[in-house]
Amino acid sequence: MAQSHPLSDMLTRIRNGLARQKASVHTNASKLNKHVLDVLQGEGYIRGYVVEKNERNMDILRVDLKYSEGQPAIRELKTVSKPGRRVYSSVKTMPRVHNGLGTSIVTTPKGVMTDASARSQNVGGEVLCQVF
């Protein structure tokens, strides 16, 4: 079945896996999903991810979730930019998540990065999601 927004699907699978205390979740592979997972791993929200093949020989991603003392490392994970409403932000208007304690993931002309990295490189872009 065709998905209208694969990134939202991946974030929902991660949220559901954390709610059920799963060790890992599987999701469809795409370049954007891999880049977002790289940022999540770099910020310490997930343990990592592995590209695997399913029964139809298509790439899927196994995302290893991270817990600290039985609590998920991710408390809140939400999609900001959606297919029907794209949200773009300049450096000056880049949103802060929970007063800087969380992270916004932004896609810029220089690649997918956190809001802090985008501010330091003085570049704006599309705000994909927010993590806390």
# chains A, B, ... in the order shown; residues from 1 in each chain; ligands from 1
>>> residues_around(residues="region 74-77 of chain A", least_positions_apart="2", cutoff="10 Å", atoms="only C-alpha atoms", output="PyMOL selection string")
chain A and resi 11-12+14-15+18-19+40+44-46+65-68+71-72+79-80+102-104+129-132
>>> closest_residue(among="A:Lys22, A:Lys53, A:Ile105, A:Lys82", to="Asp9 (chain A)", atoms="only C-alpha atoms")
A:Lys82
>>> select_by_dssp(residues="chain A", states="strand (DSSP E or B)", output="MDAnalysis selection string")
chainID A and resid 24:28 46:53 59:65 67:68 71:72 77:79 82 85 88:89 103:108 111:114 125:131
>>> closest_residue(among="A:Arg13, A:Arg119, A:Arg47, A:Arg86", to="Asp64 (chain A)", atoms="only C-alpha atoms")
A:Arg47
>>> atom_distance(atom1="CA of Gly42 (chain A)", atom2="CA of Gly100 (chain A)")
16.6 Å
>>> residues_around(residues="Lys92 (chain A)", least_positions_apart="6", cutoff="10 Å", atoms="only C-alpha atoms", output="PyMOL selection string")
chain A and resi 119+122-124
>>> write_last_selection(atoms="C-alpha atoms", output="PDB file, in the first residue's frame")
ATOM      1  CA  ARG A 119      21.653  27.921  13.689  1.00  0.00           C
ATOM      2  CA  ASN A 122      23.303  30.061   9.622  1.00  0.00           C
ATOM      3  CA  VAL A 123      20.923  28.099   7.390  1.00  0.00           C
ATOM      4  CA  GLY A 124      17.148  27.599   7.480  1.00  0.00           C
TER       5      GLY A 124
END
>>> residues_around(residues="Thr107 (chain A)", least_positions_apart="6", cutoff="10 Å", atoms="only C-alpha atoms", output="list in words")
Leu32, His35, Val36, Tyr88, Met113, Thr114, Asp115, Ala118, Val123, Gly124, Gly125, Glu126, Val127, Leu128 and Cys129 of chain A
>>> write_last_selection(atoms="N, CA, C and O atoms", output="PDB file, in the first residue's frame")
ATOM      1  N   LEU A  32      15.444   9.803   3.302  1.00  0.00           N
ATOM      2  CA  LEU A  32      15.072  10.768   4.343  1.00  0.00           C
ATOM      3  C   LEU A  32      14.975  10.081   5.700  1.00  0.00           C
ATOM      4  O   LEU A  32      15.466  10.610   6.702  1.00  0.00           O
ATOM      5  N   HIS A  35      18.448   9.528   7.052  1.00  0.00           N
ATOM      6  CA  HIS A  35      19.075  10.761   7.522  1.00  0.00           C
ATOM      7  C   HIS A  35      18.493  11.201   8.869  1.00  0.00           C
ATOM      8  O   HIS A  35      19.230  11.644   9.760  1.00  0.00           O
ATOM      9  N   VAL A  36      17.178  11.063   9.031  1.00  0.00           N
ATOM     10  CA  VAL A  36      16.545  11.417  10.307  1.00  0.00           C
ATOM     11  C   VAL A  36      17.026  10.476  11.406  1.00  0.00           C
ATOM     12  O   VAL A  36      17.328  10.912  12.526  1.00  0.00           O
ATOM     13  N   TYR A  88       8.274  25.829   6.936  1.00  0.00           N
ATOM     14  CA  TYR A  88       9.636  26.281   6.680  1.00  0.00           C
ATOM     15  C   TYR A  88      10.012  27.333   7.718  1.00  0.00           C
ATOM     16  O   TYR A  88       9.149  28.062   8.212  1.00  0.00           O
ATOM     17  N   MET A 113      19.708  18.047   9.626  1.00  0.00           N
ATOM     18  CA  MET A 113      20.470  18.345  10.839  1.00  0.00           C
ATOM     19  C   MET A 113      19.539  18.842  11.942  1.00  0.00           C
ATOM     20  O   MET A 113      18.350  19.037  11.707  1.00  0.00           O
ATOM     21  N   THR A 114      20.107  19.018  13.122  1.00  0.00           N
ATOM     22  CA  THR A 114      19.337  19.538  14.243  1.00  0.00           C
ATOM     23  C   THR A 114      19.174  21.046  14.105  1.00  0.00           C
ATOM     24  O   THR A 114      19.874  21.692  13.328  1.00  0.00           O
ATOM     25  N   ASP A 115      18.267  21.605  14.899  1.00  0.00           N
ATOM     26  CA  ASP A 115      18.069  23.050  14.863  1.00  0.00           C
ATOM     27  C   ASP A 115      19.304  23.787  15.348  1.00  0.00           C
ATOM     28  O   ASP A 115      19.642  24.862  14.838  1.00  0.00           O
ATOM     29  N   ALA A 118      21.754  23.901  12.508  1.00  0.00           N
ATOM     30  CA  ALA A 118      21.288  24.838  11.486  1.00  0.00           C
ATOM     31  C   ALA A 118      21.563  26.275  11.917  1.00  0.00           C
ATOM     32  O   ALA A 118      21.973  27.104  11.098  1.00  0.00           O
ATOM     33  N   VAL A 123      21.725  28.584   8.508  1.00  0.00           N
ATOM     34  CA  VAL A 123      20.923  28.099   7.390  1.00  0.00           C
ATOM     35  C   VAL A 123      19.542  27.691   7.904  1.00  0.00           C
ATOM     36  O   VAL A 123      19.403  27.164   9.002  1.00  0.00           O
ATOM     37  N   GLY A 124      18.505  27.979   7.135  1.00  0.00           N
ATOM     38  CA  GLY A 124      17.148  27.599   7.480  1.00  0.00           C
ATOM     39  C   GLY A 124      16.681  26.462   6.596  1.00  0.00           C
ATOM     40  O   GLY A 124      17.416  25.972   5.746  1.00  0.00           O
ATOM     41  N   GLY A 125      15.435  26.034   6.798  1.00  0.00           N
ATOM     42  CA  GLY A 125      14.904  24.956   5.981  1.00  0.00           C
ATOM     43  C   GLY A 125      13.555  24.485   6.464  1.00  0.00           C
ATOM     44  O   GLY A 125      12.863  25.178   7.222  1.00  0.00           O
ATOM     45  N   GLU A 126      13.184  23.286   6.062  1.00  0.00           N
ATOM     46  CA  GLU A 126      11.893  22.707   6.423  1.00  0.00           C
ATOM     47  C   GLU A 126      12.028  21.975   7.755  1.00  0.00           C
ATOM     48  O   GLU A 126      12.881  21.106   7.916  1.00  0.00           O
ATOM     49  N   VAL A 127      11.167  22.300   8.707  1.00  0.00           N
ATOM     50  CA  VAL A 127      11.169  21.646  10.016  1.00  0.00           C
ATOM     51  C   VAL A 127      10.396  20.353   9.887  1.00  0.00           C
ATOM     52  O   VAL A 127       9.187  20.349   9.666  1.00  0.00           O
ATOM     53  N   LEU A 128      11.093  19.209  10.002  1.00  0.00           N
ATOM     54  CA  LEU A 128      10.462  17.904   9.801  1.00  0.00           C
ATOM     55  C   LEU A 128       9.723  17.424  11.038  1.00  0.00           C
ATOM     56  O   LEU A 128       8.574  17.023  10.968  1.00  0.00           O
ATOM     57  N   CYS A 129      10.421  17.415  12.191  1.00  0.00           N
ATOM     58  CA  CYS A 129       9.820  16.884  13.401  1.00  0.00           C
ATOM     59  C   CYS A 129      10.496  17.475  14.628  1.00  0.00           C
ATOM     60  O   CYS A 129      11.543  18.119  14.525  1.00  0.00           O
TER      61      CYS A 129
END
>>> select_by_dssp(residues="region 49-125 of chain A", states="helix (DSSP H, G or I)", output="list in words")
His98, Asn99, Gly100, Asp115, Ala116, Ser117, Ala118, Arg119 and Ser120 of chain A
>>> decode(residues="region 101-116 of chain A", atoms="all heavy atoms", output="PDB file, in the first residue's frame")
ATOM      1  N   LEU A 101      15.725  22.210  25.435  1.00  0.00           N
ATOM      2  CA  LEU A 101      16.018  20.872  25.973  1.00  0.00           C
ATOM      3  C   LEU A 101      15.756  19.784  24.934  1.00  0.00           C
ATOM      4  O   LEU A 101      16.376  18.732  24.982  1.00  0.00           O
ATOM      5  CB  LEU A 101      15.184  20.597  27.230  1.00  0.00           C
ATOM      6  CG  LEU A 101      15.484  21.491  28.422  1.00  0.00           C
ATOM      7  CD1 LEU A 101      14.523  21.181  29.561  1.00  0.00           C
ATOM      8  CD2 LEU A 101      16.919  21.310  28.882  1.00  0.00           C
ATOM      9  N   GLY A 102      14.850  20.039  24.003  1.00  0.00           N
ATOM     10  CA  GLY A 102      14.555  19.092  22.938  1.00  0.00           C
ATOM     11  C   GLY A 102      15.258  19.486  21.657  1.00  0.00           C
ATOM     12  O   GLY A 102      16.076  20.402  21.624  1.00  0.00           O
ATOM     13  N   THR A 103      14.906  18.797  20.584  1.00  0.00           N
ATOM     14  CA  THR A 103      15.564  19.006  19.300  1.00  0.00           C
ATOM     15  C   THR A 103      14.526  19.055  18.184  1.00  0.00           C
ATOM     16  O   THR A 103      13.596  18.253  18.165  1.00  0.00           O
ATOM     17  CB  THR A 103      16.533  17.839  19.009  1.00  0.00           C
ATOM     18  OG1 THR A 103      17.449  17.722  20.081  1.00  0.00           O
ATOM     19  CG2 THR A 103      17.288  18.053  17.730  1.00  0.00           C
ATOM     20  N   SER A 104      14.707  20.001  17.276  1.00  0.00           N
ATOM     21  CA  SER A 104      13.960  19.995  16.021  1.00  0.00           C
ATOM     22  C   SER A 104      14.882  19.433  14.952  1.00  0.00           C
ATOM     23  O   SER A 104      16.069  19.750  14.919  1.00  0.00           O
ATOM     24  CB  SER A 104      13.549  21.416  15.615  1.00  0.00           C
ATOM     25  OG  SER A 104      12.562  21.912  16.460  1.00  0.00           O
ATOM     26  N   ILE A 105      14.346  18.606  14.081  1.00  0.00           N
ATOM     27  CA  ILE A 105      15.119  18.071  12.969  1.00  0.00           C
ATOM     28  C   ILE A 105      14.691  18.824  11.715  1.00  0.00           C
ATOM     29  O   ILE A 105      13.505  18.906  11.401  1.00  0.00           O
ATOM     30  CB  ILE A 105      14.921  16.557  12.819  1.00  0.00           C
ATOM     31  CG1 ILE A 105      15.403  15.853  14.096  1.00  0.00           C
ATOM     32  CG2 ILE A 105      15.670  16.038  11.603  1.00  0.00           C
ATOM     33  CD1 ILE A 105      15.218  14.365  14.098  1.00  0.00           C
ATOM     34  N   VAL A 106      15.684  19.410  11.038  1.00  0.00           N
ATOM     35  CA  VAL A 106      15.442  20.313   9.921  1.00  0.00           C
ATOM     36  C   VAL A 106      16.163  19.787   8.691  1.00  0.00           C
ATOM     37  O   VAL A 106      17.300  19.329   8.784  1.00  0.00           O
ATOM     38  CB  VAL A 106      15.979  21.723  10.267  1.00  0.00           C
ATOM     39  CG1 VAL A 106      15.666  22.704   9.169  1.00  0.00           C
ATOM     40  CG2 VAL A 106      15.437  22.203  11.590  1.00  0.00           C
ATOM     41  N   THR A 107      15.501  19.860   7.533  1.00  0.00           N
ATOM     42  CA  THR A 107      16.175  19.557   6.286  1.00  0.00           C
ATOM     43  C   THR A 107      16.548  20.877   5.619  1.00  0.00           C
ATOM     44  O   THR A 107      15.705  21.754   5.448  1.00  0.00           O
ATOM     45  CB  THR A 107      15.331  18.662   5.358  1.00  0.00           C
ATOM     46  OG1 THR A 107      16.074  18.393   4.190  1.00  0.00           O
ATOM     47  CG2 THR A 107      14.018  19.280   4.996  1.00  0.00           C
ATOM     48  N   THR A 108      17.820  21.026   5.316  1.00  0.00           N
ATOM     49  CA  THR A 108      18.357  22.274   4.778  1.00  0.00           C
ATOM     50  C   THR A 108      19.079  21.990   3.467  1.00  0.00           C
ATOM     51  O   THR A 108      19.267  20.824   3.105  1.00  0.00           O
ATOM     52  CB  THR A 108      19.365  22.886   5.774  1.00  0.00           C
ATOM     53  OG1 THR A 108      20.507  22.036   5.849  1.00  0.00           O
ATOM     54  CG2 THR A 108      18.752  23.044   7.161  1.00  0.00           C
ATOM     55  N   PRO A 109      19.520  23.022   2.764  1.00  0.00           N
ATOM     56  CA  PRO A 109      20.338  22.783   1.569  1.00  0.00           C
ATOM     57  C   PRO A 109      21.660  22.083   1.895  1.00  0.00           C
ATOM     58  O   PRO A 109      22.270  21.476   1.021  1.00  0.00           O
ATOM     59  CB  PRO A 109      20.593  24.192   1.033  1.00  0.00           C
ATOM     60  CG  PRO A 109      19.462  25.005   1.545  1.00  0.00           C
ATOM     61  CD  PRO A 109      19.122  24.420   2.880  1.00  0.00           C
ATOM     62  N   LYS A 110      22.082  22.127   3.151  1.00  0.00           N
ATOM     63  CA  LYS A 110      23.321  21.468   3.567  1.00  0.00           C
ATOM     64  C   LYS A 110      23.073  20.084   4.161  1.00  0.00           C
ATOM     65  O   LYS A 110      23.985  19.470   4.684  1.00  0.00           O
ATOM     66  CB  LYS A 110      24.055  22.342   4.578  1.00  0.00           C
ATOM     67  CG  LYS A 110      24.523  23.653   3.982  1.00  0.00           C
ATOM     68  CD  LYS A 110      25.335  24.446   4.970  1.00  0.00           C
ATOM     69  CE  LYS A 110      25.824  25.726   4.341  1.00  0.00           C
ATOM     70  NZ  LYS A 110      26.640  26.525   5.255  1.00  0.00           N
ATOM     71  N   GLY A 111      21.838  19.594   4.123  1.00  0.00           N
ATOM     72  CA  GLY A 111      21.522  18.258   4.624  1.00  0.00           C
ATOM     73  C   GLY A 111      20.557  18.291   5.789  1.00  0.00           C
ATOM     74  O   GLY A 111      20.109  19.355   6.227  1.00  0.00           O
ATOM     75  N   VAL A 112      20.250  17.106   6.321  1.00  0.00           N
ATOM     76  CA  VAL A 112      19.351  16.979   7.461  1.00  0.00           C
ATOM     77  C   VAL A 112      20.176  17.154   8.732  1.00  0.00           C
ATOM     78  O   VAL A 112      21.216  16.512   8.897  1.00  0.00           O
ATOM     79  CB  VAL A 112      18.649  15.606   7.456  1.00  0.00           C
ATOM     80  CG1 VAL A 112      17.745  15.450   8.664  1.00  0.00           C
ATOM     81  CG2 VAL A 112      17.847  15.422   6.176  1.00  0.00           C
ATOM     82  N   MET A 113      19.708  18.047   9.626  1.00  0.00           N
ATOM     83  CA  MET A 113      20.470  18.345  10.839  1.00  0.00           C
ATOM     84  C   MET A 113      19.539  18.842  11.942  1.00  0.00           C
ATOM     85  O   MET A 113      18.350  19.037  11.707  1.00  0.00           O
ATOM     86  CB  MET A 113      21.542  19.398  10.547  1.00  0.00           C
ATOM     87  CG  MET A 113      21.005  20.722  10.051  1.00  0.00           C
ATOM     88  SD  MET A 113      22.270  21.920   9.610  1.00  0.00           S
ATOM     89  CE  MET A 113      22.915  21.224   8.120  1.00  0.00           C
ATOM     90  N   THR A 114      20.107  19.018  13.122  1.00  0.00           N
ATOM     91  CA  THR A 114      19.337  19.538  14.243  1.00  0.00           C
ATOM     92  C   THR A 114      19.174  21.046  14.105  1.00  0.00           C
ATOM     93  O   THR A 114      19.874  21.692  13.328  1.00  0.00           O
ATOM     94  CB  THR A 114      20.036  19.232  15.578  1.00  0.00           C
ATOM     95  OG1 THR A 114      21.274  19.934  15.613  1.00  0.00           O
ATOM     96  CG2 THR A 114      20.267  17.748  15.755  1.00  0.00           C
ATOM     97  N   ASP A 115      18.267  21.605  14.899  1.00  0.00           N
ATOM     98  CA  ASP A 115      18.069  23.050  14.863  1.00  0.00           C
ATOM     99  C   ASP A 115      19.304  23.787  15.348  1.00  0.00           C
ATOM    100  O   ASP A 115      19.642  24.862  14.838  1.00  0.00           O
ATOM    101  CB  ASP A 115      16.839  23.446  15.670  1.00  0.00           C
ATOM    102  CG  ASP A 115      16.889  22.984  17.118  1.00  0.00           C
ATOM    103  OD1 ASP A 115      17.665  22.064  17.448  1.00  0.00           O
ATOM    104  OD2 ASP A 115      16.136  23.538  17.934  1.00  0.00           O
ATOM    105  N   ALA A 116      20.022  23.235  16.310  1.00  0.00           N
ATOM    106  CA  ALA A 116      21.241  23.877  16.814  1.00  0.00           C
ATOM    107  C   ALA A 116      22.319  23.924  15.727  1.00  0.00           C
ATOM    108  O   ALA A 116      23.001  24.939  15.562  1.00  0.00           O
ATOM    109  CB  ALA A 116      21.755  23.131  18.039  1.00  0.00           C
TER     110      ALA A 116
END
